[in-house]
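Text of entry-v5.txt (compact mmCIF, C-alpha atoms and all ligand atoms) as supplied:
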# COMPACT_ATOMS: atom_id res chain seq x y z
CA MET A 1 15.93 -2.63 -11.78
CA ALA A 2 12.98 -0.26 -12.09
CA GLU A 3 11.18 -0.60 -15.43
CA GLU A 4 12.23 2.34 -17.53
CA GLY A 5 10.17 5.38 -16.80
CA VAL A 6 7.95 4.21 -13.93
CA LYS A 7 7.94 6.72 -11.09
CA LEU A 8 5.57 7.08 -8.17
CA LEU A 9 5.27 10.39 -6.35
CA GLY A 10 3.89 9.73 -2.90
CA PHE A 11 3.89 10.49 0.79
CA TRP A 12 4.73 7.66 3.16
CA ALA A 13 1.55 7.92 5.25
CA SER A 14 -0.87 8.42 2.37
CA PRO A 15 -3.55 5.74 2.01
CA TYR A 16 -4.03 6.84 -1.61
CA ALA A 17 -0.34 6.38 -2.43
CA LEU A 18 -0.38 3.00 -0.69
CA ARG A 19 -3.01 1.79 -3.15
CA VAL A 20 -0.60 2.52 -5.99
CA HIS A 21 2.39 0.90 -4.25
CA TRP A 22 0.29 -2.23 -3.75
CA ALA A 23 -0.99 -2.34 -7.33
CA LEU A 24 2.53 -1.99 -8.76
CA LYS A 25 3.86 -4.68 -6.43
CA LEU A 26 0.97 -7.02 -7.22
CA LYS A 27 1.79 -6.62 -10.90
CA GLY A 28 5.49 -7.11 -10.25
CA VAL A 29 6.32 -3.75 -11.82
CA GLU A 30 9.51 -2.17 -10.51
CA TYR A 31 9.37 1.57 -10.01
CA GLU A 32 11.21 4.51 -8.60
CA TYR A 33 9.57 5.96 -5.51
CA LEU A 34 9.83 9.70 -4.93
CA GLU A 35 8.73 10.93 -1.51
CA GLU A 36 7.00 14.32 -1.33
CA ASP A 37 7.53 16.13 1.95
CA LEU A 38 3.93 17.17 2.45
CA MET A 39 4.62 18.16 6.06
CA SER A 40 6.85 21.02 4.99
CA GLY A 41 4.24 22.34 2.58
CA LYS A 42 6.91 22.47 -0.16
CA LYS A 43 5.80 20.43 -3.15
CA SER A 44 8.31 19.37 -5.76
CA SER A 45 8.20 20.97 -9.19
CA LEU A 46 7.67 17.47 -10.63
CA LEU A 47 4.48 17.14 -8.56
CA LEU A 48 3.22 20.61 -9.50
CA GLN A 49 3.88 19.95 -13.18
CA SER A 50 2.47 16.43 -13.08
CA ASN A 51 -0.75 17.21 -11.24
CA PRO A 52 -1.38 20.94 -11.80
CA ILE A 53 -5.12 20.62 -11.16
CA TYR A 54 -5.11 19.06 -7.68
CA LYS A 55 -1.39 19.29 -6.75
CA LYS A 56 -1.81 16.08 -4.77
CA ILE A 57 -0.04 12.77 -4.52
CA PRO A 58 -0.14 10.04 -5.68
CA VAL A 59 1.00 10.62 -9.23
CA LEU A 60 2.31 7.84 -11.44
CA VAL A 61 4.66 9.03 -14.15
CA HIS A 62 5.03 6.40 -16.89
CA ASN A 63 7.47 7.14 -19.71
CA GLY A 64 7.08 10.82 -18.87
CA ASN A 65 3.25 10.73 -18.89
CA PRO A 66 1.68 11.66 -15.55
CA VAL A 67 -1.47 9.97 -14.28
CA ALA A 68 -3.17 11.37 -11.15
CA GLU A 69 -5.93 10.20 -8.79
CA SER A 70 -5.34 6.85 -7.11
CA LEU A 71 -8.37 5.01 -8.53
CA VAL A 72 -7.59 6.24 -12.04
CA ILE A 73 -3.98 5.14 -11.55
CA LEU A 74 -5.08 1.65 -10.48
CA GLU A 75 -7.08 1.29 -13.68
CA TYR A 76 -4.16 2.60 -15.73
CA ILE A 77 -1.82 0.07 -14.11
CA ASP A 78 -4.24 -2.78 -14.75
CA GLU A 79 -4.61 -1.83 -18.42
CA THR A 80 -0.89 -1.30 -18.95
CA TRP A 81 0.46 -4.40 -17.22
CA LYS A 82 -1.89 -7.29 -17.96
CA GLN A 83 -0.43 -9.87 -15.55
CA ASN A 84 -2.33 -10.58 -12.31
CA PRO A 85 -5.48 -8.70 -13.37
CA LEU A 86 -7.10 -6.43 -10.81
CA PHE A 87 -10.46 -6.46 -12.58
CA PRO A 88 -12.68 -9.36 -13.65
CA GLU A 89 -13.54 -9.81 -17.35
CA ASP A 90 -17.24 -9.16 -17.03
CA PRO A 91 -18.14 -5.48 -17.66
CA TYR A 92 -20.99 -5.54 -15.14
CA GLU A 93 -18.72 -6.91 -12.40
CA ARG A 94 -16.11 -4.30 -13.30
CA ALA A 95 -18.73 -1.58 -12.99
CA GLN A 96 -19.65 -2.85 -9.52
CA LEU A 97 -16.05 -2.63 -8.29
CA ARG A 98 -15.78 0.93 -9.62
CA PHE A 99 -19.06 1.87 -7.97
CA TRP A 100 -17.93 0.75 -4.52
CA ALA A 101 -14.50 2.32 -4.78
CA LYS A 102 -16.16 5.62 -5.73
CA PHE A 103 -18.58 5.27 -2.82
CA ALA A 104 -15.65 4.67 -0.47
CA ASP A 105 -13.82 7.80 -1.62
CA GLU A 106 -16.83 10.08 -1.91
CA LYS A 107 -18.71 9.03 1.24
CA CYS A 108 -16.66 6.85 3.58
CA PHE A 109 -13.24 8.52 3.65
CA PRO A 110 -14.71 12.04 4.07
CA ALA A 111 -16.98 10.77 6.88
CA VAL A 112 -13.99 9.20 8.66
CA ILE A 113 -11.95 12.40 8.30
CA LYS A 114 -14.84 14.51 9.60
CA THR A 115 -14.75 12.71 12.96
CA PHE A 116 -11.37 14.29 13.69
CA SER A 117 -12.53 17.85 13.87
CA SER A 118 -15.47 17.49 16.20
CA GLU A 119 -16.23 17.17 19.87
CA GLY A 120 -19.13 16.09 22.09
CA GLU A 121 -22.50 15.66 20.38
CA GLU A 122 -21.08 16.67 17.00
CA LEU A 123 -18.45 13.95 17.31
CA GLU A 124 -21.09 11.36 18.19
CA LYS A 125 -23.16 12.40 15.18
CA ASN A 126 -20.14 12.20 12.88
CA VAL A 127 -19.10 8.81 14.27
CA LYS A 128 -22.63 7.50 13.70
CA GLU A 129 -22.60 8.75 10.12
CA ALA A 130 -19.15 7.25 9.41
CA ARG A 131 -20.23 3.91 10.89
CA GLU A 132 -23.35 3.87 8.73
CA TYR A 133 -21.38 4.45 5.54
CA LEU A 134 -18.73 1.93 6.54
CA LYS A 135 -21.40 -0.68 7.28
CA ILE A 136 -22.82 -0.27 3.78
CA LEU A 137 -19.32 -0.58 2.35
CA ASP A 138 -18.68 -3.67 4.44
CA GLY A 139 -21.58 -5.42 2.70
CA ALA A 140 -19.84 -4.88 -0.63
CA VAL A 141 -16.58 -6.36 0.67
CA GLY A 142 -18.23 -9.30 2.41
CA ASP A 143 -20.37 -10.30 -0.58
CA ARG A 144 -17.37 -11.20 -2.71
CA LYS A 145 -15.99 -14.72 -2.73
CA ASP A 146 -13.02 -14.45 -5.06
CA ASN A 147 -9.73 -15.13 -3.28
CA GLN A 148 -7.54 -13.18 -5.66
CA ILE A 149 -6.62 -9.65 -4.55
CA ASP A 150 -8.48 -7.30 -6.87
CA PHE A 151 -9.08 -3.60 -7.50
CA LEU A 152 -11.64 -3.38 -4.71
CA ASP A 153 -9.39 -5.02 -2.12
CA VAL A 154 -6.63 -2.56 -2.98
CA ALA A 155 -9.01 0.40 -2.96
CA LEU A 156 -10.87 -0.49 0.24
CA ALA A 157 -8.26 -2.06 2.48
CA VAL A 158 -6.81 1.37 3.24
CA VAL A 159 -10.29 2.69 4.10
CA GLY A 160 -10.75 0.01 6.76
CA HIS A 161 -7.22 0.51 8.03
CA TRP A 162 -7.54 4.27 8.38
CA ALA A 163 -10.97 3.88 9.96
CA ASN A 164 -9.30 1.58 12.50
CA ILE A 165 -6.52 4.06 13.22
CA THR A 166 -8.91 7.01 13.40
CA GLY A 167 -11.07 5.11 15.87
CA GLU A 168 -8.05 4.57 18.09
CA ILE A 169 -7.15 8.25 17.98
CA ILE A 170 -10.63 9.62 18.66
CA GLY A 171 -11.36 6.91 21.22
CA MET A 172 -14.53 5.66 19.46
CA LYS A 173 -14.64 2.65 17.17
CA LEU A 174 -15.53 3.27 13.54
CA VAL A 175 -15.15 -0.37 12.48
CA ASP A 176 -15.63 -3.50 14.56
CA GLU A 177 -16.16 -7.23 14.21
CA GLU A 178 -19.89 -7.04 14.78
CA GLU A 179 -20.97 -4.33 12.32
CA THR A 180 -18.13 -4.28 9.81
CA PRO A 181 -16.48 -7.72 10.06
CA SER A 182 -14.96 -7.68 6.57
CA LEU A 183 -13.65 -4.14 6.60
CA VAL A 184 -12.07 -4.46 10.03
CA THR A 185 -9.74 -7.23 8.83
CA LEU A 186 -9.41 -6.50 5.10
CA PHE A 187 -6.06 -4.70 5.39
CA GLU A 188 -4.47 -7.50 7.41
CA ASP A 189 -6.12 -10.13 5.17
CA VAL A 190 -4.50 -8.60 2.08
CA LEU A 191 -1.10 -8.46 3.78
CA GLU A 192 -1.45 -12.06 4.86
CA ALA A 193 -2.38 -13.16 1.33
CA ALA A 194 0.49 -11.16 -0.21
CA PRO A 195 3.18 -10.70 2.48
CA PHE A 196 5.54 -9.02 -0.02
CA LEU A 197 3.26 -5.96 0.17
CA LYS A 198 4.57 -5.36 3.70
CA GLU A 199 7.80 -3.94 2.31
CA CYS A 200 5.98 -0.85 1.02
CA THR A 201 3.44 -0.62 3.86
CA PRO A 202 4.19 1.68 6.82
CA GLU A 203 3.93 0.26 10.33
CA LYS A 204 0.53 1.06 11.77
CA SER A 205 2.04 2.56 14.90
CA ARG A 206 4.05 5.05 12.83
CA ILE A 207 1.07 6.75 11.30
CA PRO A 208 -0.65 8.81 14.01
CA VAL A 209 2.53 9.30 16.00
CA GLU A 210 4.70 10.64 13.22
CA LEU A 211 1.97 12.71 11.69
CA ALA A 212 1.30 14.31 15.03
CA GLY A 213 5.02 14.96 15.50
CA GLY A 214 5.37 16.39 12.02
CA ALA A 215 2.25 18.52 12.15
CA GLY A 216 3.35 20.05 15.41
CA ASP A 217 6.70 21.00 13.92
CA LYS A 218 6.25 22.04 10.32
CA VAL A 219 9.78 23.43 9.92
CA ARG A 220 11.37 20.03 10.47
CA PRO A 221 13.59 19.17 7.48
CA ALA A 222 12.70 16.31 5.18
CA ASP A 223 15.11 13.89 6.81
CA GLY A 224 15.15 10.55 5.04
CA ALA A 225 12.87 11.79 2.28
CA GLY A 226 12.45 9.03 -0.26
CA ASP A 227 13.17 6.36 2.29
CA MET A 228 9.97 4.79 3.56
CA SER A 229 11.82 2.84 6.22
CA ARG A 230 13.19 5.86 8.06
CA GLN A 231 12.84 5.86 11.82
CA PRO A 232 9.83 7.34 13.58
CA ARG A 233 10.35 10.90 14.71
CA VAL A 234 8.82 10.20 18.10
CA ASP A 235 10.26 7.22 19.91
CA ALA A 236 8.46 4.87 22.23
CA VAL A 237 4.99 6.28 21.63
CA SER A 238 2.41 3.73 20.61
CA VAL A 239 -1.00 3.94 19.01
CA GLU A 240 -2.40 3.41 22.51
CA ASP A 241 -0.55 6.53 23.68
CA VAL A 242 -2.06 8.45 20.83
CA ALA A 243 -5.48 7.04 21.64
CA ALA A 244 -5.06 8.67 25.03
CA SER A 245 -4.62 11.92 23.15
CA ARG A 246 -8.00 13.08 24.40
CA GLU A 247 -5.98 13.68 27.56
CA GLN A 248 -3.04 14.94 25.50
CA PRO A 249 -4.77 17.61 23.44
CA GLU A 250 -1.58 18.72 21.72
CA ILE A 251 -1.31 15.39 19.85
CA LEU A 252 -4.96 15.39 18.88
CA LEU A 253 -4.79 19.01 17.80
CA ALA A 254 -1.72 18.34 15.70
CA VAL A 255 -3.45 15.49 13.88
CA VAL A 256 -6.60 17.57 13.42
CA GLU A 257 -4.53 20.44 12.05
CA LEU A 258 -2.86 18.11 9.59
CA VAL A 259 -6.15 16.62 8.44
CA GLN A 260 -7.68 20.08 8.04
CA THR A 261 -4.67 21.42 6.14
CA HIS A 262 -4.38 18.53 3.72
CA GLY A 263 -7.96 17.26 3.70
CA ALA A 264 -6.53 13.86 4.52
CA PHE A 265 -3.89 12.14 6.61
N1 LIG B 301 -8.58 11.73 -4.57
C1 LIG B 301 -7.14 11.72 -4.46
C2 LIG B 301 -6.76 12.10 -3.04
C3 LIG B 301 -5.26 12.31 -2.89
C4 LIG B 301 -4.91 13.06 -1.60
O1 LIG B 301 -5.78 13.52 -0.85
N2 LIG B 301 -3.59 13.20 -1.36
C5 LIG B 301 -3.13 13.94 -0.22
C6 LIG B 301 -2.19 13.09 0.64
S1 LIG B 301 -3.03 11.72 1.37
C7 LIG B 301 -2.29 15.14 -0.70
O2 LIG B 301 -1.56 15.04 -1.65
N3 LIG B 301 -2.40 16.25 0.01
C8 LIG B 301 -1.62 17.41 -0.28
C9 LIG B 301 -2.43 18.67 -0.33
O3 LIG B 301 -3.67 18.57 -0.27
O4 LIG B 301 -1.85 19.72 -0.40
C10 LIG B 301 -6.63 10.33 -4.84
O5 LIG B 301 -7.39 9.36 -4.77
O6 LIG B 301 -5.48 10.23 -5.29

Using structure tokens, write down the structure that the file contains.
Amino acid sequence: MAEEGVKLLGFWASPYALRVHWALKLKGVEYEYLEEDLMSGKKSSLLLQSNPIYKKIPVLVHNGNPVAESLVILEYIDETWKQNPLFPEDPYERAQLRFWAKFADEKCFPAVIKTFSSEGEELEKNVKEAREYLKILDGAVGDRKDNQIDFLDVALAVVGHWANITGEIIGMKLVDEEETPSLVTLFEDVLEAAPFLKECTPEKSRIPVELAGGAGDKVRPADGAGDMSRQPRVDAVSVEDVAASREQPEILLAVVELVQTHGAF
């Protein structure tokens, strides 16, 4: 039974929405998930009313009160449901976690996304920049010794994961064991430590393939909306196939178009 009045508006492939799914699951809070069909460009009236400023998912609606922006939502969740705290007690340590999450969203994610829409020398420059930011971020992940999954793990795991996926699509690594050893495994480490999070986590192979399929065909109806386990739209195409998308420009272009339209995956 979902706790009364806890709703999450999301999009299955969104790294920002995944943060919120994970935080709610880690707290053991039951919630109703409402899928927005971002591929169709039609946003629900609940989304437009709940986040009129940015009109973006994720939005958490708690007892009718909307909270937007994934990092703000994580803090709201931690303050509302006290069990399994996501933040340490110490204010200075808390400030450090917030600092790195902000750095990830303001510097690292945009740098990763920028690599999609470039070619040749520009691409190499953008990859170098993304790797530099990610290396700095990796230091922040690696320095921590606490085993409990916290705010920073939830905030940063998706950054490493999407950097991994992006690297496979563009054919150049953004994270690797040598330069970013913590970030490259953080996502899998969290899932290993809390396997129940898998139930709300999309298969890695679904992400580039389905987004490419959806972006190339915007009129496709929202089949299975609200059901995060629906079948991939493109069968038998793996991440490796998508990585070869430099030879299949239509897939790469579709992903680029999607990233440019939505400013994210
Ligand atoms: N800073 C926001 C970013 C959210 C975001 O970019 N959401 C994307 C999906 S991943 C979105 O809703 N895009 C729809 C649009 O831009 O129209 C957060 O942390 O929640």

Rows by chain and residue number, chain A within 9 Å of ligand LIG 301 (chain B), shortest pair, all atoms listed in the file, as JSON lines:
{"residue": "A:Gly10", "atom": "CA", "partner": "B:LIG301", "partner_atom": "O2", "distance": 7.7}
{"residue": "A:Phe11", "atom": "CA", "partner": "B:LIG301", "partner_atom": "C6", "distance": 6.6}
{"residue": "A:Trp12", "atom": "CA", "partner": "B:LIG301", "partner_atom": "S1", "distance": 8.9}
{"residue": "A:Ala13", "atom": "CA", "partner": "B:LIG301", "partner_atom": "S1", "distance": 7.1}
{"residue": "A:Ser14", "atom": "CA", "partner": "B:LIG301", "partner_atom": "S1", "distance": 4.1}
{"residue": "A:Pro15", "atom": "CA", "partner": "B:LIG301", "partner_atom": "S1", "distance": 6.0}
{"residue": "A:Tyr16", "atom": "CA", "partner": "B:LIG301", "partner_atom": "O6", "distance": 5.2}
{"residue": "A:Ala17", "atom": "CA", "partner": "B:LIG301", "partner_atom": "O6", "distance": 7.0}
{"residue": "A:Arg19", "atom": "CA", "partner": "B:LIG301", "partner_atom": "O5", "distance": 8.9}
{"residue": "A:Glu36", "atom": "CA", "partner": "B:LIG301", "partner_atom": "O2", "distance": 8.6}
{"residue": "A:Leu38", "atom": "CA", "partner": "B:LIG301", "partner_atom": "C8", "distance": 6.2}
{"residue": "A:Met39", "atom": "CA", "partner": "B:LIG301", "partner_atom": "C8", "distance": 8.9}
{"residue": "A:Gly41", "atom": "CA", "partner": "B:LIG301", "partner_atom": "O4", "distance": 7.3}
{"residue": "A:Lys43", "atom": "CA", "partner": "B:LIG301", "partner_atom": "O4", "distance": 8.2}
{"residue": "A:Tyr54", "atom": "CA", "partner": "B:LIG301", "partner_atom": "O3", "distance": 7.6}
{"residue": "A:Lys55", "atom": "CA", "partner": "B:LIG301", "partner_atom": "O4", "distance": 6.4}
{"residue": "A:Lys56", "atom": "CA", "partner": "B:LIG301", "partner_atom": "O2", "distance": 3.3}
{"residue": "A:Ile57", "atom": "CA", "partner": "B:LIG301", "partner_atom": "O2", "distance": 4.0}
{"residue": "A:Pro58", "atom": "CA", "partner": "B:LIG301", "partner_atom": "O6", "distance": 5.4}
{"residue": "A:Val59", "atom": "CA", "partner": "B:LIG301", "partner_atom": "O6", "distance": 7.6}
{"residue": "A:Ala68", "atom": "CA", "partner": "B:LIG301", "partner_atom": "O6", "distance": 6.4}
{"residue": "A:Glu69", "atom": "CA", "partner": "B:LIG301", "partner_atom": "O6", "distance": 3.5}
{"residue": "A:Ser70", "atom": "CA", "partner": "B:LIG301", "partner_atom": "O6", "distance": 3.8}
{"residue": "A:Leu71", "atom": "CA", "partner": "B:LIG301", "partner_atom": "O5", "distance": 5.8}
{"residue": "A:Val72", "atom": "CA", "partner": "B:LIG301", "partner_atom": "O5", "distance": 7.9}
{"residue": "A:Ile73", "atom": "CA", "partner": "B:LIG301", "partner_atom": "O6", "distance": 8.2}
{"residue": "A:Asp105", "atom": "CA", "partner": "B:LIG301", "partner_atom": "N1", "distance": 7.2}
{"residue": "A:Glu106", "atom": "CA", "partner": "B:LIG301", "partner_atom": "N1", "distance": 8.8}
{"residue": "A:Thr261", "atom": "CA", "partner": "B:LIG301", "partner_atom": "O3", "distance": 7.1}
{"residue": "A:His262", "atom": "CA", "partner": "B:LIG301", "partner_atom": "O3", "distance": 4.1}
{"residue": "A:Gly263", "atom": "CA", "partner": "B:LIG301", "partner_atom": "O3", "distance": 6.0}
{"residue": "A:Ala264", "atom": "CA", "partner": "B:LIG301", "partner_atom": "S1", "distance": 5.2}
{"residue": "A:Phe265", "atom": "CA", "partner": "B:LIG301", "partner_atom": "S1", "distance": 5.3}

Between CA of Ala104 in chain A and CA of Thr180 in chain A, what is the distance, to one decimal in Å?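 Separating CA of Ala104 in chain A from CA of Thr180 in chain A is a distance of 13.9 Å.
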
May I have the residues at most 12 Å from (-8.3, 3.1, 13.6) in the file's coordinates, counting only C-alpha atoms, as a short mmCIF file (atom, residue, chain, number, x, y, z; two decimals) with C-alpha atoms, in the frame of the given file?
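Listing of result-v8.cif after writing:
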data_model
loop_
_atom_site.label_atom_id
_atom_site.label_comp_id
_atom_site.auth_asym_id
_atom_site.auth_seq_id
_atom_site.Cartn_x
_atom_site.Cartn_y
_atom_site.Cartn_z
CA VAL A 112 -13.99 9.20 8.66
CA ILE A 113 -11.95 12.40 8.30
CA THR A 115 -14.75 12.71 12.96
CA PHE A 116 -11.37 14.29 13.69
CA VAL A 158 -6.81 1.37 3.24
CA VAL A 159 -10.29 2.69 4.10
CA GLY A 160 -10.75 0.01 6.76
CA HIS A 161 -7.22 0.51 8.03
CA TRP A 162 -7.54 4.27 8.38
CA ALA A 163 -10.97 3.88 9.96
CA ASN A 164 -9.30 1.58 12.50
CA ILE A 165 -6.52 4.06 13.22
CA THR A 166 -8.91 7.01 13.40
CA GLY A 167 -11.07 5.11 15.87
CA GLU A 168 -8.05 4.57 18.09
CA ILE A 169 -7.15 8.25 17.98
CA ILE A 170 -10.63 9.62 18.66
CA GLY A 171 -11.36 6.91 21.22
CA MET A 172 -14.53 5.66 19.46
CA LYS A 173 -14.64 2.65 17.17
CA LEU A 174 -15.53 3.27 13.54
CA VAL A 175 -15.15 -0.37 12.48
CA ASP A 176 -15.63 -3.50 14.56
CA LEU A 183 -13.65 -4.14 6.60
CA VAL A 184 -12.07 -4.46 10.03
CA THR A 185 -9.74 -7.23 8.83
CA PHE A 187 -6.06 -4.70 5.39
CA LYS A 204 0.53 1.06 11.77
CA SER A 205 2.04 2.56 14.90
CA ILE A 207 1.07 6.75 11.30
CA PRO A 208 -0.65 8.81 14.01
CA VAL A 239 -1.00 3.94 19.01
CA GLU A 240 -2.40 3.41 22.51
CA VAL A 242 -2.06 8.45 20.83
CA ALA A 243 -5.48 7.04 21.64
#

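Proximity to Glu75 in chain A was assessed for A:Val127, A:Pro181, A:Pro110, A:Arg98 counting only C-alpha atoms; the smallest distance is recorded for A:Arg98.
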
Residue among A:Pro66, A:Asn84, A:Glu199, A:Arg131 lying closest to Gln49 in chain A, counting only C-alpha atoms: A:Pro66

Measuring atom to atom with all atoms listed in the file, identify which of A:Phe151, A:Phe87, A:Trp100, A:Tyr76 is nearest to Asp138 in chain A.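 Comparing A:Phe151, A:Phe87, A:Trp100, A:Tyr76 against Asp138 in chain A, the winner is A:Trp100.
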
For each of A:Leu9, A:Val29, A:Ile149, A:Ala155, take the minimum atom-to-atom distance to Leu191 in chain A, counting only C-alpha atoms, then give the residue where this is smallest.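 Going through A:Leu9, A:Val29, A:Ile149, A:Ala155 one by one, the smallest distance to Leu191 in chain A is for A:Ile149.
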
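Atom pair CA of Tyr33 in chain A / CA of Lys7 in chain A: separated by 5.9 Å.
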